[in-house]
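**Q** Below: one structure in C-alpha cells.
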Amino acid sequence: MTIDLQQKIYVAGHHGMVGSAIVRHLKSKGYWNIIGRTHAQLDLTNQLAVEEFFAREKPDQVYLAAAKVGGIYANNTFPAEFIYDNLMVQSNVIHQSFLSDVKKLLLLGSSCIYPKLAPQPMNEDALLMGKLEPTNEPYAIAKIAGIKMCESYNRQYGNSHGVDYRSVMPTNLYGPGDNYHPENSHVIPALIRRFHEAKVHNLPEVFIWGTGTPKREFLYVDDMAAASVFVMELEKSIYDQKTSPMQSHINVGFGGDVTIAELAKAVGSAVGFQGLISFDASKPDGTPRKLMDSSRLNALGWSPKVQLVEGLDRAYADFLSGHREG
C-alpha cells in the first residue's frame with residue numbers, strides 16, 4: 001500500500017495519553033495534516049456537533065482514541081457514565097465517519113473486553129466466550145460494541161463503499177500524558193503518585209490495594225502508538241488474512257506480565273522510595289490475570305521496544321514535569 005503523507009487525519013482524543021502518542025508517532029513518520037479537538041471544542045457525545053465537525057473538516061482517516069477511562073475505583077463509582085459516554089462517542093464518530101466517506105478508521109479498545117476467567121494468554125478468540133470482570137463491565141460492553149460496529153460497517157459497506165474500519169485491543173498502557181489523579185487513575189500512575197508523595201513526606205510505609213498477587217501486563221504508550229499506525233497502514237489483503245469479518249480485532253501487548261507486588265517494587269525503585277510496601281487484602285484485586293496473546297500482531301511484523309524499567313523511568317520523569325492530573 002502506498003502511504004499518502006498528505007492525508008488529513010483526525011485523531012479523536014489527541015490530548016489524551018494514547019491520542020497524543022499517536023500524534024507524535026504520525027508526525028515522526030512524516031504525516032503533517034493531523035487535526036484534533038479538545039473536549040471543550042467538540043463534545044463527541046453530541047451527535048449534531050460531531051456531524052457538523054465531520055461535514056466541515058472532511059478527514060480522510062480517523063484514529064478513535066477518545067474514551068472515558070479509569071481504574072477500578074472510577075469504573076465502580078461511575079458505571080453509567082462509562083457505558084453511556086463510550087457508547088455515544090463511538091457511535092457518533094464511527095457513523096459520521098461513514099457518512100463523510102472516511103474509508104480508514106482505527107478503534108482503540110481495551111483488554112477488559114475479554115472474560116474475567118479467559119484462558120491465559122488471552123487471544124482474540126476469547127471475545128464473548130464468558131462473563132466479564134464486574135468492576136469494569138460497563139466500559140467493556142461499550143468497547144465490545146465499538147468492535148462490532150466497525151465489523152458491521154465493514155460487512156455492510158466494505159464492498160459498496162470501500163469501508164475499512166479496524167480495531168486494536170491494547171493491554172494496560174502507561175507513559176507520558178497519563179492521568180495521575182489520586183482516585184481515578186490506573187495502577188501505574190496511581191503508584192507513581194503514591195510513592196512520590198510518600199518519598200516527599202518521608203513516610204515509612206505505602207499500602208497497596210489488594211493482595212499483590214494478580215498479574216498484569218504493561219505496554220509503554222509510544223509502543224502502542226507505533227502498533228496502531230502499523231495496523232492502520234497494513235495492506236487490506238494482509239489484514240484480512242489474519243482476521244475474519246466477525247472477529248477482526250487485533251491484540252497489542254508487551255508479551256509478558258508481572259505481579260502487582262513486583263510492579264509496586266519496580267515503581268518504588270523508579271521513584272526512589274526507600275520504605276516498606278504493604279498490601280491491603282480487604283480491597284478488590286480485580287481480574288486474577290490479564291496477559292494478551294499478541295502472536296497475531298507479532299506474526300505481522302510488529303513487536304514492542306520499551307522495557308518496563310525504562311518505561312517507568314520515563315513515566316516518572318513525565319510526572320515530575322508537571323503532568324499531575326492528566
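Labeling convention for the C-alpha cells: chains A, B, ... as they appear, residues from 1 per chain, ligands from 1 in order of appearance.
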Would you give me, as a list of chain:residue names, the residues in range 161-202 of chain A that DSSP reads as strand (DSSP E)?

**A**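 Residues of range 161-202 of chain A classed as strand (DSSP E): A:Asp164, A:Tyr165, A:Arg166, A:Ser167, A:Val168, A:Met169, A:Pro170, A:Asn172, A:Leu173, A:Tyr174.
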
**Q** What does the file look like for those residues with C-alpha atoms, as a PDB file, in the first residue's frame?

**A**
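Just written: selection.pdb:
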```
ATOM      1  CA  ASP A 164     -12.135  -0.449   6.115  1.00  0.00           C
ATOM      2  CA  TYR A 165     -12.601   0.020   9.864  1.00  0.00           C
ATOM      3  CA  ARG A 166     -10.172  -1.810  12.149  1.00  0.00           C
ATOM      4  CA  SER A 167      -9.802  -2.384  15.896  1.00  0.00           C
ATOM      5  CA  VAL A 168      -6.788  -2.857  18.163  1.00  0.00           C
ATOM      6  CA  MET A 169      -7.015  -4.056  21.752  1.00  0.00           C
ATOM      7  CA  PRO A 170      -4.158  -2.794  23.921  1.00  0.00           C
ATOM      8  CA  ASN A 172      -2.605  -1.902  30.206  1.00  0.00           C
ATOM      9  CA  LEU A 173      -0.877   1.262  28.989  1.00  0.00           C
ATOM     10  CA  TYR A 174       1.329   3.794  30.777  1.00  0.00           C
TER      11      TYR A 174
END
```

**Q** With only C-alpha atoms as the counted atoms, please give the residues lying no more than 7 Å from range 307-314 of chain A, apart from itself and same-chain residues fewer than 6 positions off, as a PyMOL selection string.

**A** chain A and resi 175+220+267+270

**Q** Write a file of the selected residues as an mmCIF file, in the first residue's frame, keeping N, CA and C atoms.

**A**
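Dumped to again26.cif:
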```
data_model
loop_
_atom_site.group_PDB
_atom_site.id
_atom_site.type_symbol
_atom_site.label_atom_id
_atom_site.label_comp_id
_atom_site.auth_asym_id
_atom_site.auth_seq_id
_atom_site.Cartn_x
_atom_site.Cartn_y
_atom_site.Cartn_z
ATOM 1 N N GLY A 175 2.666 5.787 30.588
ATOM 2 C CA GLY A 175 3.675 6.628 29.959
ATOM 3 C C GLY A 175 3.294 8.092 29.963
ATOM 4 N N TYR A 220 4.251 0.323 27.123
ATOM 5 C CA TYR A 220 4.553 1.756 27.059
ATOM 6 C C TYR A 220 3.734 2.388 25.942
ATOM 7 N N VAL A 267 8.087 0.287 40.637
ATOM 8 C CA VAL A 267 7.705 1.701 40.676
ATOM 9 C C VAL A 267 8.395 2.397 41.842
ATOM 10 N N ALA A 270 11.858 3.117 40.807
ATOM 11 C CA ALA A 270 11.940 4.211 39.835
ATOM 12 C C ALA A 270 11.774 5.568 40.512
#
```

**Q** Rank A:Ala225, A:Phe78, A:Leu87, A:Gln96 by their smallest atom-to-atom distance to Arg56 in chain A, using only C-alpha atoms, and report the top residue only.

**A**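 Smallest distance to Arg56 in chain A is found for A:Gln96.
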
**Q** Tell me, as a PDB file with all heavy atoms, in the first residue's frame, which residues lie within 8 Å of Met88 in chain A, counting only C-alpha atoms; anything in the same chain fewer than 3 positions away does not count.

**A**
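So part-v1.pdb came out as:
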```pdb
ATOM      1  N   LEU A  44     -17.893  14.819  21.848  1.00  0.00           N
ATOM      2  CA  LEU A  44     -18.129  13.690  20.955  1.00  0.00           C
ATOM      3  C   LEU A  44     -19.377  12.893  21.312  1.00  0.00           C
ATOM      4  O   LEU A  44     -19.811  12.034  20.530  1.00  0.00           O
ATOM      5  CB  LEU A  44     -16.905  12.763  20.931  1.00  0.00           C
ATOM      6  CG  LEU A  44     -15.644  13.360  20.310  1.00  0.00           C
ATOM      7  CD1 LEU A  44     -14.470  12.382  20.420  1.00  0.00           C
ATOM      8  CD2 LEU A  44     -15.881  13.723  18.836  1.00  0.00           C
ATOM      9  N   THR A  45     -19.981  13.166  22.469  1.00  0.00           N
ATOM     10  CA  THR A  45     -21.261  12.524  22.794  1.00  0.00           C
ATOM     11  C   THR A  45     -22.427  13.275  22.153  1.00  0.00           C
ATOM     12  O   THR A  45     -23.561  12.799  22.190  1.00  0.00           O
ATOM     13  CB  THR A  45     -21.495  12.438  24.315  1.00  0.00           C
ATOM     14  OG1 THR A  45     -21.661  13.755  24.853  1.00  0.00           O
ATOM     15  CG2 THR A  45     -20.346  11.744  25.019  1.00  0.00           C
ATOM     16  N   ASN A  46     -22.156  14.437  21.567  1.00  0.00           N
ATOM     17  CA  ASN A  46     -23.184  15.269  20.941  1.00  0.00           C
ATOM     18  C   ASN A  46     -23.233  14.960  19.444  1.00  0.00           C
ATOM     19  O   ASN A  46     -22.340  15.334  18.684  1.00  0.00           O
ATOM     20  CB  ASN A  46     -22.868  16.748  21.171  1.00  0.00           C
ATOM     21  CG  ASN A  46     -23.928  17.685  20.635  1.00  0.00           C
ATOM     22  OD1 ASN A  46     -24.463  17.478  19.551  1.00  0.00           O
ATOM     23  ND2 ASN A  46     -24.219  18.738  21.380  1.00  0.00           N
ATOM     24  N   TYR A  84     -22.409   4.995  28.975  1.00  0.00           N
ATOM     25  CA  TYR A  84     -23.074   5.975  28.121  1.00  0.00           C
ATOM     26  C   TYR A  84     -22.071   6.769  27.285  1.00  0.00           C
ATOM     27  O   TYR A  84     -22.191   6.841  26.058  1.00  0.00           O
ATOM     28  CB  TYR A  84     -23.921   6.937  28.952  1.00  0.00           C
ATOM     29  CG  TYR A  84     -24.549   8.040  28.117  1.00  0.00           C
ATOM     30  CD1 TYR A  84     -25.715   7.812  27.398  1.00  0.00           C
ATOM     31  CD2 TYR A  84     -23.949   9.291  28.023  1.00  0.00           C
ATOM     32  CE1 TYR A  84     -26.277   8.807  26.611  1.00  0.00           C
ATOM     33  CE2 TYR A  84     -24.498  10.299  27.232  1.00  0.00           C
ATOM     34  CZ  TYR A  84     -25.662  10.049  26.531  1.00  0.00           C
ATOM     35  OH  TYR A  84     -26.207  11.032  25.746  1.00  0.00           O
ATOM     36  N   ASP A  85     -21.093   7.365  27.941  1.00  0.00           N
ATOM     37  CA  ASP A  85     -20.138   8.221  27.237  1.00  0.00           C
ATOM     38  C   ASP A  85     -19.408   7.455  26.135  1.00  0.00           C
ATOM     39  O   ASP A  85     -19.254   7.942  25.010  1.00  0.00           O
ATOM     40  CB  ASP A  85     -19.123   8.830  28.204  1.00  0.00           C
ATOM     41  CG  ASP A  85     -19.723   9.923  29.070  1.00  0.00           C
ATOM     42  OD1 ASP A  85     -20.924  10.223  28.901  1.00  0.00           O
ATOM     43  OD2 ASP A  85     -18.997  10.473  29.922  1.00  0.00           O
ATOM     44  N   SER A  91     -20.339   5.555  18.675  1.00  0.00           N
ATOM     45  CA  SER A  91     -21.435   5.558  17.706  1.00  0.00           C
ATOM     46  C   SER A  91     -21.384   6.802  16.830  1.00  0.00           C
ATOM     47  O   SER A  91     -21.519   6.724  15.595  1.00  0.00           O
ATOM     48  CB  SER A  91     -22.786   5.477  18.429  1.00  0.00           C
ATOM     49  OG  SER A  91     -22.911   4.256  19.135  1.00  0.00           O
ATOM     50  N   ASN A  92     -21.187   7.945  17.448  1.00  0.00           N
ATOM     51  CA  ASN A  92     -21.157   9.198  16.693  1.00  0.00           C
ATOM     52  C   ASN A  92     -19.973   9.260  15.733  1.00  0.00           C
ATOM     53  O   ASN A  92     -20.121   9.628  14.558  1.00  0.00           O
ATOM     54  CB  ASN A  92     -21.126  10.393  17.647  1.00  0.00           C
ATOM     55  CG  ASN A  92     -22.437  10.599  18.364  1.00  0.00           C
ATOM     56  OD1 ASN A  92     -23.489  10.164  17.903  1.00  0.00           O
ATOM     57  ND2 ASN A  92     -22.391  11.265  19.515  1.00  0.00           N
TER      58      ASN A  92
END
```

**Q** Give me the residues near range 188-204 of chain A as a ChimeraX atom specification, where near means some atom within 8 Å (using only C-alpha atoms) and where sequence neighbours in that chain fewer than 3 positions away do not count.

**A** /A:174,178-183,185,264,267-268,271-276,316,319

**Q** Taking only residues of range 80-189 of chain A that have an atom at most 12 Å from an atom of range 279-284 of chain A, what is each one's shortest atom pair and its distance in Å to one decimal, using only C-alpha atoms, in chain and number order, as JSON lines?

**A**
```
{"residue": "A:Glu133", "atom": "CA", "partner": "A:Pro284", "partner_atom": "CA", "distance": 11.6}
{"residue": "A:Pro134", "atom": "CA", "partner": "A:Pro284", "partner_atom": "CA", "distance": 11.2}
{"residue": "A:Thr135", "atom": "CA", "partner": "A:Pro284", "partner_atom": "CA", "distance": 9.2}
```

**Q** From a backbone DSSP assignment, name each residue in range 104-271 of chain A labelled helix (DSSP H, G or I), as a ChimeraX atom specification.

**A** /A:111-113,124-126,134-161,187-200,221-233,236-242,260-271

**Q** Which residues, written as a PyMOL selection string, have at least one atom at most 8 Å from range 66-72 of chain A, with only C-alpha atoms counted and residues fewer than 2 positions away on the same chain left out?

**A** chain A and resi 12-14+16+19+64+74-76+82+85-86+89+135-136+139+184-187+286

**Q** Find the residue from A:Lys242, A:Lys116, A:Lys265, A:His161 that sits nearest to Pro288 in chain A; use only C-alpha atoms when measuring.

**A**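 Closest candidate: A:Lys116.
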
**Q** In Å, rounded to a single decimal, give me how far CA of Tyr63 in chain A is from CA of Ile34 in chain A.

**A**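 We find that CA of Ile34 in chain A and CA of Tyr63 in chain A lie 10.5 Å from each other.
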
**Q** Leaving out Lys131 in chain A and any residue of its chain fewer than 6 positions from it, which residues lie within 12 Å of it when counting only C-alpha atoms, given as a VMD selection string?

**A** chain A and resid 112 to 118 137 140 to 141 287

**Q** For all heavy atoms, I'd like the residues from the last selection saved as a JSON list (two decimals), in the first residue's frame.

**A**
```json
[["chain", "number", "residue", "atom", "x", "y", "z"],
["A", 112, "CYS", "N", -9.92, -5.37, 28.62],
["A", 112, "CYS", "CA", -11.03, -5.75, 29.51],
["A", 112, "CYS", "C", -12.23, -6.27, 28.74],
["A", 112, "CYS", "O", -13.23, -6.68, 29.34],
["A", 112, "CYS", "CB", -11.43, -4.59, 30.42],
["A", 112, "CYS", "SG", -12.26, -3.24, 29.57],
["A", 113, "ILE", "N", -12.16, -6.28, 27.39],
["A", 113, "ILE", "CA", -13.24, -6.86, 26.61],
["A", 113, "ILE", "C", -13.32, -8.37, 26.81],
["A", 113, "ILE", "O", -14.35, -8.99, 26.52],
["A", 113, "ILE", "CB", -13.07, -6.57, 25.10],
["A", 113, "ILE", "CG1", -11.79, -7.23, 24.57],
["A", 113, "ILE", "CG2", -13.11, -5.07, 24.84],
["A", 113, "ILE", "CD1", -11.68, -7.24, 23.06],
["A", 114, "TYR", "N", -12.23, -8.98, 27.30],
["A", 114, "TYR", "CA", -12.19, -10.43, 27.42],
["A", 114, "TYR", "C", -12.79, -10.90, 28.75],
["A", 114, "TYR", "O", -12.79, -10.17, 29.74],
["A", 114, "TYR", "CB", -10.76, -10.93, 27.28],
["A", 114, "TYR", "CG", -10.19, -10.69, 25.90],
["A", 114, "TYR", "CD1", -9.10, -9.86, 25.69],
["A", 114, "TYR", "CD2", -10.79, -11.29, 24.79],
["A", 114, "TYR", "CE1", -8.59, -9.64, 24.42],
["A", 114, "TYR", "CE2", -10.29, -11.07, 23.51],
["A", 114, "TYR", "CZ", -9.20, -10.24, 23.33],
["A", 114, "TYR", "OH", -8.72, -10.02, 22.07],
["A", 115, "PRO", "N", -13.30, -12.14, 28.79],
["A", 115, "PRO", "CA", -13.90, -12.66, 30.02],
["A", 115, "PRO", "C", -12.93, -12.63, 31.19],
["A", 115, "PRO", "O", -11.71, -12.76, 31.01],
["A", 115, "PRO", "CB", -14.27, -14.10, 29.65],
["A", 115, "PRO", "CG", -14.44, -14.09, 28.16],
["A", 115, "PRO", "CD", -13.42, -13.10, 27.66],
["A", 116, "LYS", "N", -13.48, -12.48, 32.38],
["A", 116, "LYS", "CA", -12.66, -12.41, 33.59],
["A", 116, "LYS", "C", -11.77, -13.64, 33.74],
["A", 116, "LYS", "O", -10.61, -13.53, 34.13],
["A", 116, "LYS", "CB", -13.57, -12.30, 34.83],
["A", 116, "LYS", "CG", -12.83, -12.31, 36.15],
["A", 116, "LYS", "CD", -13.74, -12.11, 37.33],
["A", 116, "LYS", "CE", -12.95, -12.09, 38.64],
["A", 116, "LYS", "NZ", -13.80, -11.80, 39.80],
["A", 117, "LEU", "N", -12.30, -14.81, 33.41],
["A", 117, "LEU", "CA", -11.54, -16.05, 33.57],
["A", 117, "LEU", "C", -11.12, -16.63, 32.22],
["A", 117, "LEU", "O", -11.05, -17.84, 32.05],
["A", 117, "LEU", "CB", -12.37, -17.07, 34.36],
["A", 117, "LEU", "CG", -12.77, -16.60, 35.77],
["A", 117, "LEU", "CD1", -13.63, -17.66, 36.46],
["A", 117, "LEU", "CD2", -11.53, -16.31, 36.63],
["A", 118, "ALA", "N", -10.84, -15.76, 31.27],
["A", 118, "ALA", "CA", -10.40, -16.22, 29.95],
["A", 118, "ALA", "C", -9.09, -16.99, 30.06],
["A", 118, "ALA", "O", -8.24, -16.66, 30.90],
["A", 118, "ALA", "CB", -10.22, -15.03, 29.01],
["A", 137, "GLU", "N", -17.34, -3.94, 33.76],
["A", 137, "GLU", "CA", -18.23, -4.46, 32.73],
["A", 137, "GLU", "C", -18.85, -3.38, 31.84],
["A", 137, "GLU", "O", -18.89, -3.53, 30.62],
["A", 137, "GLU", "CB", -19.34, -5.30, 33.36],
["A", 137, "GLU", "CG", -20.26, -5.94, 32.33],
["A", 137, "GLU", "CD", -21.48, -6.60, 32.96],
["A", 137, "GLU", "OE1", -22.39, -5.86, 33.41],
["A", 137, "GLU", "OE2", -21.52, -7.84, 33.01],
["A", 140, "ALA", "N", -16.31, -2.30, 29.32],
["A", 140, "ALA", "CA", -16.01, -3.41, 28.41],
["A", 140, "ALA", "C", -17.12, -3.61, 27.39],
["A", 140, "ALA", "O", -16.87, -3.82, 26.20],
["A", 140, "ALA", "CB", -15.78, -4.69, 29.21],
["A", 141, "ILE", "N", -18.37, -3.54, 27.86],
["A", 141, "ILE", "CA", -19.52, -3.71, 26.95],
["A", 141, "ILE", "C", -19.48, -2.64, 25.86],
["A", 141, "ILE", "O", -19.74, -2.90, 24.68],
["A", 141, "ILE", "CB", -20.83, -3.61, 27.74],
["A", 141, "ILE", "CG1", -21.02, -4.86, 28.63],
["A", 141, "ILE", "CG2", -22.02, -3.43, 26.81],
["A", 141, "ILE", "CD1", -21.36, -6.12, 27.87],
["A", 287, "THR", "N", -9.40, -8.73, 38.15],
["A", 287, "THR", "CA", -9.13, -9.96, 37.42],
["A", 287, "THR", "C", -7.81, -10.60, 37.88],
["A", 287, "THR", "O", -6.82, -9.89, 38.07],
["A", 287, "THR", "CB", -9.05, -9.66, 35.90],
["A", 287, "THR", "OG1", -10.25, -8.98, 35.51],
["A", 287, "THR", "CG2", -8.91, -10.94, 35.10]]
```

**Q** Which is closer to Gln61 in chain A than all the others in A:Asn33, A:Ser152, A:Asn298, A:Ser278, using only C-alpha atoms?

**A** A:Asn33
